[in-house]
Amino acid sequence: MQAQAIVFQSPCQLSVQTLALRPMADGDVEVQVQYSGISTGTERLLWDGSMPPFPGMGYPLVPGYETVGHVVRTQGPCQLAIGDRVFVPGSYSFEGVHNLFGGAGSRLVVPESRVVKVHNDNANAVLLALAATAYHTVTYGGTRDPDTPPDLIVGHGVMGRLLARLTVAAGAPAPVVWETQALRQAGGEGYSVVHPDDDDRKNYRAIYDVSGDAQILHKVIPRLDKGGEVVLAGFYHQDISFAYAPAFMREASIRVAAEWKRADLLAVTELVNTGRLSLDDLITHTHTPAQARDAYEVAFGDPHCLKMVLDWSH
């Protein structure tokens with residue numbers, strides 16, 4: 001069994017290679033991939049070599065944890081049927097390379113328990129991992145209702161838009177979203193997007209950062225109300241620091257949001273399937289695997305690109 005895959009041979013060096021797939025075991029499904037997304041957070045750090053120490057880190061590696069495809073084979077007892085469309089949040093499919101996160105390939109072998117069945121037939125389902133991440137930042141995987149939902153979100157990329165949409169869908173007051181790039185200030189659905197210089201408010205209760213800016217605490221702590229919270233929901237390759245006096249005067253709380261759990265993925269899948277959360281208008285670019293080099297450069301360097309998807313269907 002073999003499949004094509006994107007391989008980062010070293011930082012900023014990639015190729016499309018034919019790799020051996022691991023043998024199937026009972027409970028596994030083989031997925032023929034239609035689309036895989038390119039993450040501008042963790043995957044960017046793998047691409048440029050700035051990823052901090054991370055379990056399984058090493059080159060060469062197959063990236064990707066945003067994959068959608070059809071089940072083409074099952075082994076052993078299985079609830080899924082051939083032809084079912086599934087979301088795959090990464091895999092350990094490929095032999096001879098690091099699978100970090102192993103989703104950018106033409107075929108994958110994964111445990112059935114890892115995938116989630118999806119109903120739509122377009123590329124939008126690649127966004128479920130990001131939606132689950134946004135959901136987790138607020139709910140801790142559904143284990144709590146937030147005392148204060150986000151009233152300020154920093155960054156209007158895909159993650160910021162999903163977090164804002166989830167807030168509105170939950171019936172909470174519409175958040176304010178900060179975005180410094182003018183071309184990304186459009187597209188607010190039920191909420192306002194402003195440049196931070198145009199916002200003089202200083203009594204936010206819950207500020208969620210999804211910008212990945214390591215200097216963000218210096219910028220947002222002075223905007224907190226007393227007893228307010230800053231949630232770090234991006235991924236930061238530099239150490240984060242803050243000035244103590246402003247945080248002291250506001251009795252600020254700082255929380256780090258970790259990666260999503262399966263409960264988050266199931267929750268957002270249900271929200272999407274029932275129409276309460278829209279994933280529309282977030283994928284802006286689609287390339288083929290043969291255009292992979294250009295795809296990664298556009299995804300990481302073009303501010304017009306919200307989400308880049310690789311189309312494996314041909």
# chains A, B, ... in the order shown; residues from 1 in each chain; ligands from 1
$ residues_around --residues "Glu229 in chain A" --least-positions-apart "3" --cutoff "12 Å" --atoms "only C-alpha atoms" --output "PDB file with N, CA and C atoms, in the first residue's frame"
ATOM      1  N   VAL A 138     -13.197  28.358  24.773  1.00  0.00           N
ATOM      2  CA  VAL A 138     -14.279  28.952  25.570  1.00  0.00           C
ATOM      3  C   VAL A 138     -14.859  27.960  26.564  1.00  0.00           C
ATOM      4  N   PRO A 146     -18.775  29.429  29.914  1.00  0.00           N
ATOM      5  CA  PRO A 146     -17.932  30.572  30.273  1.00  0.00           C
ATOM      6  C   PRO A 146     -18.697  31.594  31.099  1.00  0.00           C
ATOM      7  N   ASP A 147     -18.068  32.063  32.189  1.00  0.00           N
ATOM      8  CA  ASP A 147     -18.686  33.123  32.985  1.00  0.00           C
ATOM      9  C   ASP A 147     -18.826  34.386  32.148  1.00  0.00           C
ATOM     10  N   THR A 148     -17.832  34.639  31.343  1.00  0.00           N
ATOM     11  CA  THR A 148     -17.851  35.805  30.462  1.00  0.00           C
ATOM     12  C   THR A 148     -17.382  35.377  29.091  1.00  0.00           C
ATOM     13  N   PRO A 149     -18.261  35.347  28.102  1.00  0.00           N
ATOM     14  CA  PRO A 149     -17.832  34.997  26.744  1.00  0.00           C
ATOM     15  C   PRO A 149     -16.921  36.074  26.186  1.00  0.00           C
ATOM     16  N   PRO A 150     -16.234  35.802  25.094  1.00  0.00           N
ATOM     17  CA  PRO A 150     -15.321  36.810  24.531  1.00  0.00           C
ATOM     18  C   PRO A 150     -16.050  38.107  24.207  1.00  0.00           C
ATOM     19  N   ASP A 151     -15.535  39.215  24.721  1.00  0.00           N
ATOM     20  CA  ASP A 151     -16.068  40.500  24.259  1.00  0.00           C
ATOM     21  C   ASP A 151     -15.049  41.250  23.404  1.00  0.00           C
ATOM     22  N   LEU A 152     -13.790  40.763  23.373  1.00  0.00           N
ATOM     23  CA  LEU A 152     -12.798  41.249  22.426  1.00  0.00           C
ATOM     24  C   LEU A 152     -12.000  40.065  21.912  1.00  0.00           C
ATOM     25  N   ASN A 203     -12.453  48.501  29.234  1.00  0.00           N
ATOM     26  CA  ASN A 203     -13.151  47.727  30.263  1.00  0.00           C
ATOM     27  C   ASN A 203     -13.601  46.365  29.745  1.00  0.00           C
ATOM     28  N   TYR A 204     -12.764  45.743  28.904  1.00  0.00           N
ATOM     29  CA  TYR A 204     -13.105  44.411  28.417  1.00  0.00           C
ATOM     30  C   TYR A 204     -12.962  43.384  29.537  1.00  0.00           C
ATOM     31  N   ARG A 205     -13.925  42.449  29.575  1.00  0.00           N
ATOM     32  CA  ARG A 205     -13.903  41.421  30.603  1.00  0.00           C
ATOM     33  C   ARG A 205     -13.184  40.148  30.151  1.00  0.00           C
ATOM     34  N   ALA A 206     -13.253  39.850  28.867  1.00  0.00           N
ATOM     35  CA  ALA A 206     -12.654  38.610  28.367  1.00  0.00           C
ATOM     36  C   ALA A 206     -12.058  38.878  26.990  1.00  0.00           C
ATOM     37  N   ILE A 207     -10.724  38.925  26.924  1.00  0.00           N
ATOM     38  CA  ILE A 207     -10.009  39.188  25.674  1.00  0.00           C
ATOM     39  C   ILE A 207      -9.366  37.892  25.215  1.00  0.00           C
ATOM     40  N   TYR A 208      -9.701  37.470  24.002  1.00  0.00           N
ATOM     41  CA  TYR A 208      -9.173  36.236  23.431  1.00  0.00           C
ATOM     42  C   TYR A 208      -8.220  36.594  22.295  1.00  0.00           C
ATOM     43  N   ASP A 209      -6.962  36.183  22.438  1.00  0.00           N
ATOM     44  CA  ASP A 209      -5.985  36.462  21.383  1.00  0.00           C
ATOM     45  C   ASP A 209      -5.798  35.252  20.501  1.00  0.00           C
ATOM     46  N   LEU A 217       0.286  40.608  25.277  1.00  0.00           N
ATOM     47  CA  LEU A 217      -0.131  40.963  26.634  1.00  0.00           C
ATOM     48  C   LEU A 217       0.159  42.420  26.960  1.00  0.00           C
ATOM     49  N   VAL A 220      -2.930  44.266  25.389  1.00  0.00           N
ATOM     50  CA  VAL A 220      -4.324  44.047  25.794  1.00  0.00           C
ATOM     51  C   VAL A 220      -4.568  44.178  27.296  1.00  0.00           C
ATOM     52  N   ILE A 221      -3.578  43.920  28.127  1.00  0.00           N
ATOM     53  CA  ILE A 221      -3.824  44.050  29.570  1.00  0.00           C
ATOM     54  C   ILE A 221      -4.289  45.456  29.943  1.00  0.00           C
ATOM     55  N   PRO A 222      -3.737  46.530  29.364  1.00  0.00           N
ATOM     56  CA  PRO A 222      -4.269  47.864  29.688  1.00  0.00           C
ATOM     57  C   PRO A 222      -5.714  48.073  29.235  1.00  0.00           C
ATOM     58  N   ARG A 223      -6.266  47.185  28.431  1.00  0.00           N
ATOM     59  CA  ARG A 223      -7.654  47.306  27.973  1.00  0.00           C
ATOM     60  C   ARG A 223      -8.630  46.507  28.832  1.00  0.00           C
ATOM     61  N   LEU A 224      -8.133  45.803  29.851  1.00  0.00           N
ATOM     62  CA  LEU A 224      -8.991  44.980  30.688  1.00  0.00           C
ATOM     63  C   LEU A 224      -9.730  45.799  31.738  1.00  0.00           C
ATOM     64  N   ASP A 225     -10.930  45.351  32.070  1.00  0.00           N
ATOM     65  CA  ASP A 225     -11.617  45.812  33.258  1.00  0.00           C
ATOM     66  C   ASP A 225     -10.973  45.134  34.472  1.00  0.00           C
ATOM     67  N   LYS A 226     -11.249  45.625  35.663  1.00  0.00           N
ATOM     68  CA  LYS A 226     -10.681  45.016  36.863  1.00  0.00           C
ATOM     69  C   LYS A 226     -11.222  43.601  37.010  1.00  0.00           C
ATOM     70  N   LEU A 232      -4.984  33.191  25.942  1.00  0.00           N
ATOM     71  CA  LEU A 232      -4.009  33.022  24.862  1.00  0.00           C
ATOM     72  C   LEU A 232      -4.404  31.791  24.065  1.00  0.00           C
ATOM     73  N   ALA A 247      -1.000  44.645  35.064  1.00  0.00           N
ATOM     74  CA  ALA A 247      -1.737  43.439  35.420  1.00  0.00           C
ATOM     75  C   ALA A 247      -2.144  43.459  36.895  1.00  0.00           C
ATOM     76  N   ARG A 250      -5.162  45.699  37.595  1.00  0.00           N
ATOM     77  CA  ARG A 250      -6.431  45.162  37.089  1.00  0.00           C
ATOM     78  C   ARG A 250      -6.760  43.790  37.665  1.00  0.00           C
ATOM     79  N   GLU A 251      -5.895  43.250  38.511  1.00  0.00           N
ATOM     80  CA  GLU A 251      -6.071  41.890  39.028  1.00  0.00           C
ATOM     81  C   GLU A 251      -6.379  40.939  37.872  1.00  0.00           C
ATOM     82  N   ALA A 252      -5.536  41.010  36.858  1.00  0.00           N
ATOM     83  CA  ALA A 252      -5.779  40.285  35.609  1.00  0.00           C
ATOM     84  C   ALA A 252      -5.526  38.790  35.765  1.00  0.00           C
ATOM     85  N   SER A 253      -6.325  38.018  35.062  1.00  0.00           N
ATOM     86  CA  SER A 253      -6.090  36.583  34.915  1.00  0.00           C
ATOM     87  C   SER A 253      -5.591  36.321  33.497  1.00  0.00           C
ATOM     88  N   ILE A 254      -4.651  35.382  33.379  1.00  0.00           N
ATOM     89  CA  ILE A 254      -4.125  34.985  32.076  1.00  0.00           C
ATOM     90  C   ILE A 254      -4.280  33.479  31.967  1.00  0.00           C
ATOM     91  N   ARG A 255      -4.968  33.043  30.915  1.00  0.00           N
ATOM     92  CA  ARG A 255      -5.231  31.616  30.715  1.00  0.00           C
ATOM     93  C   ARG A 255      -4.668  31.179  29.370  1.00  0.00           C
ATOM     94  N   VAL A 256      -4.104  29.988  29.330  1.00  0.00           N
ATOM     95  CA  VAL A 256      -3.603  29.403  28.089  1.00  0.00           C
ATOM     96  C   VAL A 256      -4.580  28.320  27.648  1.00  0.00           C
TER      97      VAL A 256
END
$ select_by_dssp --residues "range 163-286 of chain A" --states "strand (DSSP E or B)" --output "PyMOL selection string"
chain A and resi 176-178+192-194+204-209+224-232+253-256+285-286
$ closest_atom_pairs --of "range 106-224 of chain A" --to "range 86-101 of chain A" --cutoff "9 Å" --atoms "only C-alpha atoms" --output "Markdown table"
| residue | atom | partner | partner_atom | distance |
| --- | --- | --- | --- | --- |
| A:Arg107 | CA | A:Ser93 | CA | 8.5 |
| A:Leu108 | CA | A:Ser93 | CA | 5.6 |
| A:Val109 | CA | A:Ser93 | CA | 5.2 |
| A:Val110 | CA | A:Ser91 | CA | 6.0 |
| A:Pro111 | CA | A:Ser91 | CA | 8.7 |
| A:Arg114 | CA | A:Val88 | CA | 7.0 |
| A:Val115 | CA | A:Val88 | CA | 5.0 |
| A:Val116 | CA | A:Phe87 | CA | 5.2 |
| A:Lys117 | CA | A:Val86 | CA | 4.3 |
| A:Val118 | CA | A:Val86 | CA | 5.3 |
| A:His119 | CA | A:Val86 | CA | 8.3 |
| A:Ala125 | CA | A:Phe87 | CA | 6.8 |
| A:Val126 | CA | A:Phe87 | CA | 7.0 |
| A:Leu128 | CA | A:Phe87 | CA | 7.8 |
| A:Ala129 | CA | A:Pro89 | CA | 6.8 |
$ residues_around --residues "Gly157 in chain A" --least-positions-apart "4" --cutoff "9 Å" --atoms "only C-alpha atoms" --output "list in words"
Arg161, Leu162, Glu179, Arg184, Val210, Ser211, Leu282, Leu306 and Lys307 of chain A
$ write_last_selection --atoms "C-alpha atoms" --output "tab-separated table (two decimals), in the first residue's frame"
chain	number	residue	atom	x	y	z
A	161	ARG	CA	-13.84	34.51	12.60
A	162	LEU	CA	-14.81	31.10	13.91
A	179	GLU	CA	-7.58	43.48	12.99
A	184	ARG	CA	-9.07	41.51	6.60
A	210	VAL	CA	-5.75	34.39	18.21
A	211	SER	CA	-3.12	36.55	16.52
A	282	LEU	CA	-13.42	31.05	4.93
A	306	LEU	CA	-7.50	33.14	4.80
A	307	LYS	CA	-7.37	29.40	4.19
$ closest_residue --among "A:His237, A:Arg293, A:Lys219, A:Arg165" --to "Leu271 in chain A" --atoms "only C-alpha atoms"
A:Arg165
$ select_by_dssp --residues "range 70-134 of chain A" --states "alpha helix (DSSP H)" --output "tab-separated table (two decimals) with C-alpha atoms, in the first residue's frame"
chain	number	residue	atom	x	y	z
A	128	LEU	CA	-13.54	21.47	11.76
A	129	ALA	CA	-10.21	21.28	13.64
A	130	LEU	CA	-9.99	25.06	13.82
A	131	ALA	CA	-13.63	25.28	14.86
A	132	ALA	CA	-12.97	22.70	17.58
A	133	THR	CA	-9.98	24.72	18.76
A	134	ALA	CA	-12.12	27.86	18.99
$ atom_distance --atom1 "CA of Asp84 in chain A" --atom2 "CA of Glu112 in chain A"
11.5 Å
$ residues_around --residues "Gly103 in chain A" --least-positions-apart "3" --cutoff "7 Å" --atoms "only C-alpha atoms" --output "PyMOL selection string"
chain A and resi 63-67+90-91
$ closest_residue --among "A:Ser313, A:Gln215, A:Gln75, A:Gln4" --to "Asp28 in chain A" --atoms "only C-alpha atoms"
A:Gln75
$ atom_distance --atom1 "CA of Thr137 in chain A" --atom2 "CA of Leu166 in chain A"
11.0 Å
$ residues_around --residues "Leu183 in chain A" --least-positions-apart "6" --cutoff "12 Å" --atoms "only C-alpha atoms" --output "PyMOL selection string"
chain A and resi 156-157+193-195+302-306
$ write_last_selection --atoms "N, CA, C and O atoms" --output "mmCIF file, in the first residue's frame"
data_model
loop_
_atom_site.group_PDB
_atom_site.id
_atom_site.type_symbol
_atom_site.label_atom_id
_atom_site.label_comp_id
_atom_site.auth_asym_id
_atom_site.auth_seq_id
_atom_site.Cartn_x
_atom_site.Cartn_y
_atom_site.Cartn_z
ATOM 1 N N HIS A 156 -8.468 38.636 12.955
ATOM 2 C CA HIS A 156 -9.640 38.280 12.147
ATOM 3 C C HIS A 156 -9.260 37.355 11.005
ATOM 4 O O HIS A 156 -9.751 37.481 9.888
ATOM 5 N N GLY A 157 -8.358 36.403 11.320
ATOM 6 C CA GLY A 157 -8.131 35.295 10.403
ATOM 7 C C GLY A 157 -9.243 34.281 10.575
ATOM 8 O O GLY A 157 -10.305 34.568 11.145
ATOM 9 N N VAL A 193 -15.600 44.715 13.240
ATOM 10 C CA VAL A 193 -14.151 44.528 13.132
ATOM 11 C C VAL A 193 -13.521 45.904 13.011
ATOM 12 O O VAL A 193 -13.897 46.689 12.126
ATOM 13 N N VAL A 194 -12.558 46.210 13.889
ATOM 14 C CA VAL A 194 -11.957 47.538 13.919
ATOM 15 C C VAL A 194 -10.448 47.414 14.056
ATOM 16 O O VAL A 194 -9.929 46.386 14.501
ATOM 17 N N HIS A 195 -9.752 48.464 13.659
ATOM 18 C CA HIS A 195 -8.321 48.565 13.954
ATOM 19 C C HIS A 195 -8.178 48.902 15.436
ATOM 20 O O HIS A 195 -8.946 49.718 15.973
ATOM 21 N N ASP A 302 0.645 35.452 1.967
ATOM 22 C CA ASP A 302 -0.296 36.334 1.275
ATOM 23 C C ASP A 302 -1.436 36.704 2.212
ATOM 24 O O ASP A 302 -2.245 35.841 2.577
ATOM 25 N N PRO A 303 -1.555 37.970 2.608
ATOM 26 C CA PRO A 303 -2.625 38.347 3.537
ATOM 27 C C PRO A 303 -4.023 38.185 2.955
ATOM 28 O O PRO A 303 -5.006 38.180 3.705
ATOM 29 N N HIS A 304 -4.128 38.052 1.630
ATOM 30 C CA HIS A 304 -5.430 37.799 1.024
ATOM 31 C C HIS A 304 -5.898 36.368 1.281
ATOM 32 O O HIS A 304 -7.085 36.065 1.096
ATOM 33 N N CYS A 305 -4.984 35.497 1.661
ATOM 34 C CA CYS A 305 -5.306 34.082 1.846
ATOM 35 C C CYS A 305 -5.738 33.835 3.289
ATOM 36 O O CYS A 305 -4.923 33.903 4.213
ATOM 37 N N LEU A 306 -7.022 33.547 3.486
ATOM 38 C CA LEU A 306 -7.495 33.137 4.800
ATOM 39 C C LEU A 306 -7.212 31.655 5.035
ATOM 40 O O LEU A 306 -6.694 31.266 6.066
#
$ atom_distance --atom1 "CA of Ile240 in chain A" --atom2 "CA of Ala214 in chain A"
5.3 Å
$ residues_around --residues "range 187-191 of chain A" --least-positions-apart "6" --cutoff "7 Å" --atoms "only C-alpha atoms" --output "number ranges by chain"
A: 174-176
$ residues_around --residues "range 35-48 of chain A" --least-positions-apart "2" --cutoff "6 Å" --atoms "only C-alpha atoms" --output "short mmCIF file (atom, residue, chain, number, x, y, z; two decimals) with N, CA, C and O atoms, in the first residue's frame"
data_model
loop_
_atom_site.label_atom_id
_atom_site.label_comp_id
_atom_site.auth_asym_id
_atom_site.auth_seq_id
_atom_site.Cartn_x
_atom_site.Cartn_y
_atom_site.Cartn_z
N PRO A 11 13.40 22.44 7.04
CA PRO A 11 12.68 23.71 6.99
C PRO A 11 12.75 24.36 5.61
O PRO A 11 13.81 24.43 4.98
N CYS A 12 11.57 24.76 5.12
CA CYS A 12 11.42 25.46 3.83
C CYS A 12 11.76 24.59 2.63
O CYS A 12 11.97 25.12 1.53
N VAL A 33 -8.39 10.62 0.20
CA VAL A 33 -8.48 12.04 0.57
C VAL A 33 -9.00 12.87 -0.60
O VAL A 33 -8.59 12.68 -1.75
N SER A 50 10.76 26.92 13.19
CA SER A 50 10.72 27.63 14.47
C SER A 50 9.85 26.94 15.51
O SER A 50 9.63 27.50 16.59
N MET A 51 9.36 25.73 15.21
CA MET A 51 8.53 25.01 16.17
C MET A 51 9.32 24.71 17.44
O MET A 51 10.40 24.13 17.39
N GLU A 66 -5.95 18.57 8.91
CA GLU A 66 -7.26 19.06 8.47
C GLU A 66 -7.61 18.38 7.15
O GLU A 66 -7.43 18.95 6.08
N THR A 67 -8.11 17.16 7.22
CA THR A 67 -8.26 16.33 6.03
C THR A 67 -9.69 15.80 5.94
O THR A 67 -10.29 15.42 6.96
N VAL A 68 -10.20 15.76 4.71
CA VAL A 68 -11.54 15.23 4.45
C VAL A 68 -11.44 14.24 3.29
O VAL A 68 -10.73 14.49 2.30
N ALA A 104 -1.55 15.22 5.29
CA ALA A 104 -1.45 15.76 3.94
C ALA A 104 -1.00 14.68 2.96
O ALA A 104 0.15 14.62 2.54
N VAL A 126 -12.75 20.75 6.18
CA VAL A 126 -11.36 20.79 6.66
C VAL A 126 -11.21 21.78 7.81
O VAL A 126 -10.22 21.72 8.56
N MET A 308 -5.91 28.09 2.80
CA MET A 308 -5.46 27.38 1.61
C MET A 308 -5.79 25.89 1.76
O MET A 308 -5.53 25.29 2.81
N VAL A 309 -6.37 25.32 0.70
CA VAL A 309 -6.73 23.91 0.70
C VAL A 309 -6.04 23.23 -0.48
O VAL A 309 -5.98 23.79 -1.59
N LEU A 310 -5.50 22.04 -0.24
CA LEU A 310 -4.97 21.20 -1.31
C LEU A 310 -6.07 20.24 -1.76
O LEU A 310 -6.68 19.54 -0.94
N ASP A 311 -6.31 20.20 -3.07
CA ASP A 311 -7.33 19.35 -3.66
C ASP A 311 -6.67 18.07 -4.20
O ASP A 311 -5.93 18.12 -5.20
N TRP A 312 -6.91 16.95 -3.54
CA TRP A 312 -6.30 15.67 -3.92
C TRP A 312 -7.22 14.85 -4.82
O TRP A 312 -6.89 13.71 -5.17
#
$ closest_residue --among "A:Ala186, A:Leu21, A:Ala3, A:Ile82" --to "Asp281 in chain A" --atoms "only C-alpha atoms"
A:Ala186
$ decode --residues "range 216-226 of chain A" --atoms "all heavy atoms" --output "CSV table (one decimal), in the first residue's frame"
chain,number,residue,atom,x,y,z
A,216,ILE,N,1.5,40.4,22.7
A,216,ILE,CA,0.1,40.7,22.8
A,216,ILE,C,-0.3,41.2,24.2
A,216,ILE,O,-1.2,42.1,24.4
A,216,ILE,CB,-0.8,39.6,22.4
A,216,ILE,CG1,-2.3,40.1,22.1
A,216,ILE,CG2,-0.8,38.4,23.3
A,216,ILE,CD1,-2.4,41.1,21.1
A,217,LEU,N,0.3,40.6,25.3
A,217,LEU,CA,-0.1,41.0,26.6
A,217,LEU,C,0.2,42.4,27.0
A,217,LEU,O,-0.6,43.1,27.7
A,217,LEU,CB,0.5,40.0,27.7
A,217,LEU,CG,0.1,38.6,27.6
A,217,LEU,CD1,0.9,37.8,28.6
A,217,LEU,CD2,-1.4,38.5,27.9
A,218,HIS,N,1.2,43.0,26.4
A,218,HIS,CA,1.5,44.4,26.6
A,218,HIS,C,0.4,45.3,26.0
A,218,HIS,O,0.2,46.4,26.5
A,218,HIS,CB,2.9,44.7,26.0
A,218,HIS,CG,4.0,44.0,26.6
A,218,HIS,ND1,4.6,44.3,27.8
A,218,HIS,CD2,4.8,42.9,26.2
A,218,HIS,CE1,5.6,43.5,28.1
A,218,HIS,NE2,5.7,42.7,27.1
A,219,LYS,N,-0.2,44.8,25.0
A,219,LYS,CA,-1.2,45.6,24.3
A,219,LYS,C,-2.6,45.4,24.8
A,219,LYS,O,-3.4,46.4,24.8
A,219,LYS,CB,-1.2,45.1,22.8
A,219,LYS,CG,0.1,45.3,22.1
A,219,LYS,CD,0.1,44.7,20.7
A,219,LYS,CE,1.5,44.7,20.0
A,219,LYS,NZ,1.5,44.0,18.7
A,220,VAL,N,-2.9,44.3,25.4
A,220,VAL,CA,-4.3,44.0,25.8
A,220,VAL,C,-4.6,44.2,27.3
A,220,VAL,O,-5.7,44.5,27.7
A,220,VAL,CB,-4.8,42.7,25.3
A,220,VAL,CG1,-4.8,42.6,23.8
A,220,VAL,CG2,-4.1,41.5,25.9
A,221,ILE,N,-3.6,43.9,28.1
A,221,ILE,CA,-3.8,44.0,29.6
A,221,ILE,C,-4.3,45.5,29.9
A,221,ILE,O,-5.2,45.6,30.8
A,221,ILE,CB,-2.6,43.6,30.4
A,221,ILE,CG1,-2.4,42.1,30.3
A,221,ILE,CG2,-2.7,44.1,31.8
A,221,ILE,CD1,-1.2,41.5,31.0
A,222,PRO,N,-3.7,46.5,29.4
A,222,PRO,CA,-4.3,47.9,29.7
A,222,PRO,C,-5.7,48.1,29.2
A,222,PRO,O,-6.3,49.1,29.7
A,222,PRO,CB,-3.3,48.8,28.9
A,222,PRO,CG,-2.1,48.0,28.8
A,222,PRO,CD,-2.5,46.6,28.6
A,223,ARG,N,-6.3,47.2,28.4
A,223,ARG,CA,-7.7,47.3,28.0
A,223,ARG,C,-8.6,46.5,28.8
A,223,ARG,O,-9.8,46.5,28.6
A,223,ARG,CB,-7.8,46.8,26.5
A,223,ARG,CG,-6.9,47.6,25.5
A,223,ARG,CD,-7.2,49.1,25.5
A,223,ARG,NE,-6.6,49.7,24.3
A,223,ARG,CZ,-7.3,50.0,23.2
A,223,ARG,NH1,-8.6,49.8,23.2
A,223,ARG,NH2,-6.7,50.6,22.2
A,224,LEU,N,-8.1,45.8,29.9
A,224,LEU,CA,-9.0,45.0,30.7
A,224,LEU,C,-9.7,45.8,31.7
A,224,LEU,O,-9.2,46.8,32.3
A,224,LEU,CB,-8.2,43.9,31.4
A,224,LEU,CG,-7.7,42.7,30.7
A,224,LEU,CD1,-6.8,41.8,31.6
A,224,LEU,CD2,-8.9,41.9,30.2
A,225,ASP,N,-10.9,45.4,32.1
A,225,ASP,CA,-11.6,45.8,33.3
A,225,ASP,C,-11.0,45.1,34.5
A,225,ASP,O,-10.2,44.2,34.3
A,225,ASP,CB,-13.1,45.4,33.2
A,225,ASP,CG,-14.0,46.3,34.1
A,225,ASP,OD1,-13.4,47.2,34.8
A,225,ASP,OD2,-15.2,46.0,34.1
A,226,LYS,N,-11.2,45.6,35.7
A,226,LYS,CA,-10.7,45.0,36.9
A,226,LYS,C,-11.2,43.6,37.0
A,226,LYS,O,-12.4,43.3,36.9
A,226,LYS,CB,-11.0,45.8,38.1
A,226,LYS,CG,-10.2,45.5,39.3
A,226,LYS,CD,-10.5,46.4,40.5
A,226,LYS,CE,-9.5,46.2,41.7
A,226,LYS,NZ,-8.1,46.5,41.4
